[in-house]
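Data from coords.cif: mmCIF, C-alpha atoms
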data_model
#
loop_
_atom_site.label_atom_id
_atom_site.label_comp_id
_atom_site.auth_asym_id
_atom_site.auth_seq_id
_atom_site.Cartn_x
_atom_site.Cartn_y
_atom_site.Cartn_z
CA MET A 1 25.43 12.11 5.76
CA SER A 2 25.62 15.36 3.78
CA ARG A 3 25.14 13.43 0.55
CA HIS A 4 22.04 11.80 2.06
CA PHE A 5 20.61 15.24 2.90
CA ASP A 6 21.36 16.42 -0.64
CA THR A 7 19.47 13.42 -2.01
CA VAL A 8 16.49 14.16 0.24
CA ALA A 9 16.59 17.80 -0.89
CA ASN A 10 16.68 16.78 -4.56
CA VAL A 11 13.71 14.44 -4.15
CA LYS A 12 11.87 17.21 -2.29
CA VAL A 13 12.60 19.53 -5.24
CA ALA A 14 11.13 16.95 -7.63
CA ASP A 15 8.08 16.73 -5.35
CA ALA A 16 7.68 20.52 -5.40
CA VAL A 17 8.07 20.62 -9.20
CA ILE A 18 5.29 18.04 -9.60
CA GLN A 19 3.06 20.10 -7.32
CA VAL A 20 3.79 23.25 -9.36
CA LEU A 21 3.09 21.47 -12.66
CA VAL A 22 -0.26 20.18 -11.41
CA PHE A 23 -1.12 23.67 -10.14
CA ALA A 24 -0.17 25.12 -13.55
CA PHE A 25 -2.45 22.54 -15.20
CA LEU A 26 -5.21 23.63 -12.83
CA LEU A 27 -4.72 27.29 -13.74
CA ALA A 28 -4.62 26.43 -17.45
CA THR A 29 -7.99 24.71 -17.18
CA ILE A 30 -9.42 27.88 -15.64
CA VAL A 31 -7.89 30.22 -18.21
CA LEU A 32 -8.79 28.06 -21.19
CA LYS A 33 -12.25 27.34 -19.75
CA LEU A 34 -11.81 23.63 -20.15
CA SER A 35 -14.09 21.20 -18.42
CA LEU A 36 -11.08 19.47 -16.88
CA PHE A 37 -11.05 21.70 -13.78
CA ALA A 38 -12.51 19.00 -11.53
CA TYR A 39 -9.88 16.53 -12.73
CA GLY A 40 -7.22 19.13 -11.98
CA ILE A 41 -8.52 19.45 -8.43
CA TYR A 42 -8.50 15.66 -8.06
CA ALA A 43 -4.99 15.44 -9.50
CA MET A 44 -3.67 18.18 -7.24
CA ALA A 45 -5.22 16.69 -4.11
CA GLY A 46 -4.08 13.20 -5.10
CA ILE A 47 -0.50 14.28 -5.75
CA GLN A 48 -0.29 16.05 -2.40
CA VAL A 49 -1.87 13.19 -0.47
CA LEU A 50 0.45 10.68 -2.15
CA SER A 51 3.43 12.91 -1.44
CA CYS A 52 2.28 13.32 2.15
CA LEU A 53 1.94 9.56 2.57
CA LEU A 54 5.34 8.75 1.08
CA TRP A 55 7.17 11.42 3.09
CA SER A 56 5.40 10.35 6.27
CA LEU A 57 6.59 6.79 5.72
CA TYR A 58 10.12 8.04 4.99
CA PHE A 59 10.27 10.29 8.04
CA THR A 60 9.28 7.48 10.42
CA ALA A 61 12.99 6.65 10.54
CA GLU A 62 15.37 8.75 12.60
CA VAL A 63 15.75 11.45 9.97
CA PRO A 64 15.77 15.08 11.09
CA ARG A 65 12.59 16.84 10.07
CA LEU A 66 10.76 20.09 10.60
CA LYS A 67 7.94 20.25 13.13
CA ALA A 68 5.84 22.15 10.59
CA GLY A 69 6.25 19.32 8.09
CA THR A 70 5.16 16.74 10.63
CA PHE A 71 2.19 18.91 11.57
CA ILE A 72 0.93 19.42 8.00
CA ARG A 73 1.28 15.72 7.17
CA ARG A 74 -0.73 14.81 10.26
CA ALA A 75 -3.30 17.45 9.31
CA PHE A 76 -3.69 15.80 5.88
CA PHE A 77 -4.29 12.39 7.42
CA ILE A 78 -6.71 13.73 10.02
CA THR A 79 -8.67 15.54 7.31
CA LEU A 80 -8.81 12.42 5.15
CA GLY A 81 -9.89 10.34 8.13
CA ILE A 82 -12.68 12.75 9.04
CA LEU A 83 -13.90 12.88 5.44
CA GLY A 84 -13.83 9.10 5.12
CA LEU A 85 -15.59 8.55 8.43
CA SER A 86 -18.29 11.08 7.62
CA LEU A 87 -18.82 9.46 4.22
CA LEU A 88 -19.30 6.06 5.84
CA LEU A 89 -21.47 7.17 8.74
CA PHE A 90 -23.25 10.42 7.96
CA LYS A 91 -23.99 11.28 4.34
CA SER A 92 -25.35 14.75 5.17
CA TYR A 93 -22.27 15.66 7.23
CA PHE A 94 -20.08 14.56 4.35
CA LEU A 95 -21.64 17.19 2.09
CA LEU A 96 -21.12 19.83 4.77
CA LEU A 97 -17.49 18.80 5.18
CA LEU A 98 -16.99 18.89 1.41
CA TYR A 99 -18.33 22.43 1.42
CA LEU A 100 -15.91 23.35 4.19
CA MET A 101 -13.05 21.72 2.25
CA ILE A 102 -13.67 24.17 -0.59
CA PHE A 103 -12.19 26.76 1.74
CA ALA A 104 -9.86 24.64 3.88
CA GLY A 105 -8.41 22.54 1.04
CA PRO A 106 -6.52 25.33 -0.75
CA ILE A 107 -5.15 26.60 2.55
CA GLN A 108 -3.91 23.12 3.39
CA GLY A 109 -2.48 22.67 -0.10
CA PHE A 110 -0.57 25.97 -0.10
CA ALA A 111 0.67 25.32 3.45
CA TYR A 112 1.96 21.91 2.36
CA PHE A 113 3.72 23.45 -0.65
CA PHE A 114 5.40 26.20 1.38
CA ILE A 115 6.47 23.75 4.06
CA THR A 116 7.95 21.60 1.27
CA LEU A 117 9.99 24.64 0.20
CA ARG A 118 11.16 25.17 3.80
CA GLU A 119 12.17 21.52 4.04
CA ILE A 120 14.16 21.85 0.82
CA SER A 121 16.15 24.75 2.26
CA PHE A 122 16.57 22.85 5.55
CA PHE A 123 18.04 19.79 3.84
CA ARG A 124 20.21 21.90 1.53
CA LYS A 125 21.77 23.59 4.57
CA ALA A 126 22.11 20.39 6.61
CA ARG A 127 25.69 19.40 7.22
CA LYS A 128 27.51 16.61 8.98
CA PRO A 129 27.68 16.83 12.74
CA TYR A 130 31.10 17.96 13.96
CA TYR A 131 31.95 14.54 15.40
CA LEU A 132 31.60 12.90 11.96
CA LEU A 133 34.08 15.24 10.26
#
In structure tokens, what does this structure look like?
Amino acid sequence: MSRHFDTVANVKVADAVIQVLVFAFLLATIVLKLSLFAYGIYAMAGIQVLSCLLWSLYFTAEVPRLKAGTFIRRAFFITLGILGLSLLLFKSYFLLLLYLMIFAGPIQGFAYFFITLREISFFRKARKPYYLL
């Protein structure tokens, strides 16, 4: 069981490293004044949404998880659902929601990253229950 938690922690570390690399790419596009900034935003959002989807599918099993992690993953899916629904139904509301996501998106992204770090420490500290020793 402890080895399983170590594996989860290591995969979470790889996930966090990918998020940091994409964020570094995003900062490099700003500093170097490249026109790739929009692609950096797309890449960062895509990486986090993909990560969110994969971890949500993994945590559907009976694996211990943090409530904050469950909350932020649900928040990602709710946000994506609202954006998709507004795109399909109301074009003008979609533009308003995109404007709001300029402010809410980075908050959601940083929250997801910091919760990933908390989950890494949680799984690193996880040990076998006493009855399995």
Worksheet entry | Test item: the PyMOL selection byres ((chain A and resi 49) around 10) resolved as a list in words | Ala43, Met44, Ala45, Gly46, Ile47, Gln48, Leu50, Ser51, Cys52, Leu53, Leu54, Trp55, Arg73, Phe76, Phe77, Leu80, Gly109 and Tyr112 of chain A
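Residue nearest Val8 in chain A, chosen from A:Gly84, A:Ile115, A:Phe59, A:Met101 and counting all atoms listed in the file: A:Phe59.
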Discussion item. I'd like the neighbourhood of Leu97 in chain A as a PyMOL selection string, where a residue qualifies if any of its atoms comes within 9 Å (using only C-alpha atoms), though same-chain residues fewer than 6 positions away should be ignored.
Written reply: chain A and resi 82-83+86
Worksheet entry | Selection: 12 Å around Phe110 in chain A, only C-alpha atoms, excl. self and same-chain fewer than 4 positions, as a list of chain:residue names |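 That gives A:Ala16, A:Gln19, A:Val20, A:Phe23, A:Met44, A:Ala45, A:Gln48, A:Ile72, A:Phe103, A:Ala104, A:Gly105, A:Pro106, A:Phe114, A:Ile115, A:Thr116, A:Leu117.
This file, queried with the PyMOL selection byres ((chain A and resi 66) around 9), gives the residues Pro64, Arg65, Lys67, Ala68, Gly69, Thr70, Phe71, Ile115, Arg118, Glu119 and Phe122 of chain A.
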Worksheet item: CA of Ile41 in chain A and CA of Asp15 in chain A are how many Å apart?
Response: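 Here the two named atoms are 17.1 Å from each other.
Between CA of Ala111 in chain A and CA of Leu95 in chain A the separation is 23.8 Å.
CA of Ala28 in chain A sits 9.5 Å away from CA of Gly40 in chain A.
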Fill in: Which residue of A:Val17, A:Thr29, A:Arg74, A:Tyr42 approaches Leu57 in chain A most closely, using only C-alpha atoms
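Closest residue, counting only C-alpha atoms: A:Arg74.
Residues matched by the PyMOL selection byres ((chain A and resi 9) around 8) in this file are Phe5, Asp6, Thr7, Val8, Asn10, Val11, Lys12, Val13, Glu119, Ile120, Ser121, Phe123 and Arg124 of chain A.
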Build an axis-aligned box that encloses every atom of range 9-21 of chain A listed in the file, pad it by 3 Å on each side, and report its centre and edge lengths in Å to one decimal, as lines of an AutoDock Vina configuration file.
center_x = 9.9
center_y = 18.8
center_z = -6.8
size_x = 19.6
size_y = 14.8
size_z = 17.8
Since the input lacks atoms, please generate N, CA and C atoms for range 88-124 of chain A and provide them as an mmCIF file, keeping the file's coordinate frame.
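Written out: out-v2.cif:
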data_model
loop_
_atom_site.group_PDB
_atom_site.id
_atom_site.type_symbol
_atom_site.label_atom_id
_atom_site.label_comp_id
_atom_site.auth_asym_id
_atom_site.auth_seq_id
_atom_site.Cartn_x
_atom_site.Cartn_y
_atom_site.Cartn_z
ATOM 1 N N LEU A 88 -18.767 7.370 5.445
ATOM 2 C CA LEU A 88 -19.300 6.060 5.840
ATOM 3 C C LEU A 88 -20.501 6.173 6.776
ATOM 4 N N LEU A 89 -20.448 7.126 7.702
ATOM 5 C CA LEU A 89 -21.470 7.170 8.740
ATOM 6 C C LEU A 89 -22.600 8.161 8.465
ATOM 7 N N PHE A 90 -22.241 9.361 8.072
ATOM 8 C CA PHE A 90 -23.250 10.420 7.960
ATOM 9 C C PHE A 90 -23.147 11.076 6.588
ATOM 10 N N LYS A 91 -24.035 10.733 5.699
ATOM 11 C CA LYS A 91 -23.990 11.280 4.340
ATOM 12 C C LYS A 91 -24.205 12.791 4.329
ATOM 13 N N SER A 92 -25.080 13.309 5.179
ATOM 14 C CA SER A 92 -25.350 14.750 5.170
ATOM 15 C C SER A 92 -24.158 15.534 5.712
ATOM 16 N N TYR A 93 -23.454 14.982 6.705
ATOM 17 C CA TYR A 93 -22.270 15.660 7.230
ATOM 18 C C TYR A 93 -21.144 15.653 6.205
ATOM 19 N N PHE A 94 -21.105 14.625 5.382
ATOM 20 C CA PHE A 94 -20.080 14.560 4.350
ATOM 21 C C PHE A 94 -20.214 15.723 3.384
ATOM 22 N N LEU A 95 -21.434 16.053 2.993
ATOM 23 C CA LEU A 95 -21.640 17.190 2.090
ATOM 24 C C LEU A 95 -21.239 18.498 2.756
ATOM 25 N N LEU A 96 -21.533 18.633 4.040
ATOM 26 C CA LEU A 96 -21.120 19.830 4.770
ATOM 27 C C LEU A 96 -19.600 19.921 4.850
ATOM 28 N N LEU A 97 -18.951 18.801 5.116
ATOM 29 C CA LEU A 97 -17.490 18.800 5.180
ATOM 30 C C LEU A 97 -16.876 19.082 3.810
ATOM 31 N N LEU A 98 -17.487 18.571 2.753
ATOM 32 C CA LEU A 98 -16.990 18.890 1.410
ATOM 33 C C LEU A 98 -17.094 20.381 1.131
ATOM 34 N N TYR A 99 -18.180 20.983 1.583
ATOM 35 C CA TYR A 99 -18.330 22.430 1.420
ATOM 36 C C TYR A 99 -17.248 23.164 2.197
ATOM 37 N N LEU A 100 -16.964 22.723 3.398
ATOM 38 C CA LEU A 100 -15.910 23.350 4.190
ATOM 39 C C LEU A 100 -14.533 23.146 3.551
ATOM 40 N N MET A 101 -14.337 21.997 2.891
ATOM 41 C CA MET A 101 -13.050 21.720 2.250
ATOM 42 C C MET A 101 -12.813 22.612 1.036
ATOM 43 N N ILE A 102 -13.868 23.204 0.488
ATOM 44 C CA ILE A 102 -13.670 24.170 -0.590
ATOM 45 C C ILE A 102 -12.805 25.315 -0.096
ATOM 46 N N PHE A 103 -12.967 25.670 1.170
ATOM 47 C CA PHE A 103 -12.190 26.760 1.740
ATOM 48 C C PHE A 103 -10.914 26.263 2.430
ATOM 49 N N ALA A 104 -11.007 25.142 3.122
ATOM 50 C CA ALA A 104 -9.860 24.640 3.880
ATOM 51 C C ALA A 104 -8.846 23.914 2.988
ATOM 52 N N GLY A 105 -9.296 23.297 1.912
ATOM 53 C CA GLY A 105 -8.410 22.540 1.040
ATOM 54 C C GLY A 105 -7.288 23.366 0.420
ATOM 55 N N PRO A 106 -7.609 24.520 -0.193
ATOM 56 C CA PRO A 106 -6.520 25.330 -0.750
ATOM 57 C C PRO A 106 -5.539 25.832 0.304
ATOM 58 N N ILE A 107 -6.045 26.151 1.484
ATOM 59 C CA ILE A 107 -5.150 26.600 2.550
ATOM 60 C C ILE A 107 -4.195 25.473 2.932
ATOM 61 N N GLN A 108 -4.740 24.281 3.061
ATOM 62 C CA GLN A 108 -3.910 23.120 3.390
ATOM 63 C C GLN A 108 -2.915 22.830 2.265
ATOM 64 N N GLY A 109 -3.362 22.938 1.028
ATOM 65 C CA GLY A 109 -2.480 22.670 -0.100
ATOM 66 C C GLY A 109 -1.331 23.663 -0.196
ATOM 67 N N PHE A 110 -1.632 24.956 -0.056
ATOM 68 C CA PHE A 110 -0.570 25.970 -0.100
ATOM 69 C C PHE A 110 0.365 25.833 1.094
ATOM 70 N N ALA A 111 -0.183 25.518 2.268
ATOM 71 C CA ALA A 111 0.670 25.320 3.450
ATOM 72 C C ALA A 111 1.621 24.154 3.216
ATOM 73 N N TYR A 112 1.105 23.070 2.631
ATOM 74 C CA TYR A 112 1.960 21.910 2.360
ATOM 75 C C TYR A 112 3.060 22.275 1.368
ATOM 76 N N PHE A 113 2.722 23.054 0.352
ATOM 77 C CA PHE A 113 3.720 23.450 -0.650
ATOM 78 C C PHE A 113 4.797 24.330 -0.022
ATOM 79 N N PHE A 114 4.407 25.310 0.776
ATOM 80 C CA PHE A 114 5.400 26.200 1.380
ATOM 81 C C PHE A 114 6.253 25.481 2.414
ATOM 82 N N ILE A 115 5.668 24.537 3.122
ATOM 83 C CA ILE A 115 6.470 23.750 4.060
ATOM 84 C C ILE A 115 7.437 22.853 3.286
ATOM 85 N N THR A 116 7.031 22.361 2.126
ATOM 86 C CA THR A 116 7.950 21.600 1.270
ATOM 87 C C THR A 116 9.141 22.464 0.882
ATOM 88 N N LEU A 117 8.891 23.731 0.543
ATOM 89 C CA LEU A 117 9.990 24.640 0.200
ATOM 90 C C LEU A 117 10.910 24.867 1.401
ATOM 91 N N ARG A 118 10.344 25.004 2.590
ATOM 92 C CA ARG A 118 11.160 25.170 3.800
ATOM 93 C C ARG A 118 11.999 23.928 4.064
ATOM 94 N N GLU A 119 11.414 22.756 3.832
ATOM 95 C CA GLU A 119 12.170 21.520 4.040
ATOM 96 C C GLU A 119 13.300 21.393 3.030
ATOM 97 N N ILE A 120 13.087 21.866 1.814
ATOM 98 C CA ILE A 120 14.160 21.850 0.820
ATOM 99 C C ILE A 120 15.330 22.686 1.310
ATOM 100 N N SER A 121 15.055 23.904 1.777
ATOM 101 C CA SER A 121 16.150 24.750 2.260
ATOM 102 C C SER A 121 16.799 24.145 3.506
ATOM 103 N N PHE A 122 16.012 23.502 4.361
ATOM 104 C CA PHE A 122 16.570 22.850 5.550
ATOM 105 C C PHE A 122 17.544 21.752 5.163
ATOM 106 N N PHE A 123 17.165 20.896 4.224
ATOM 107 C CA PHE A 123 18.040 19.790 3.840
ATOM 108 C C PHE A 123 19.208 20.256 2.990
ATOM 109 N N ARG A 124 19.069 21.354 2.282
ATOM 110 C CA ARG A 124 20.210 21.900 1.530
ATOM 111 C C ARG A 124 21.276 22.431 2.492
#
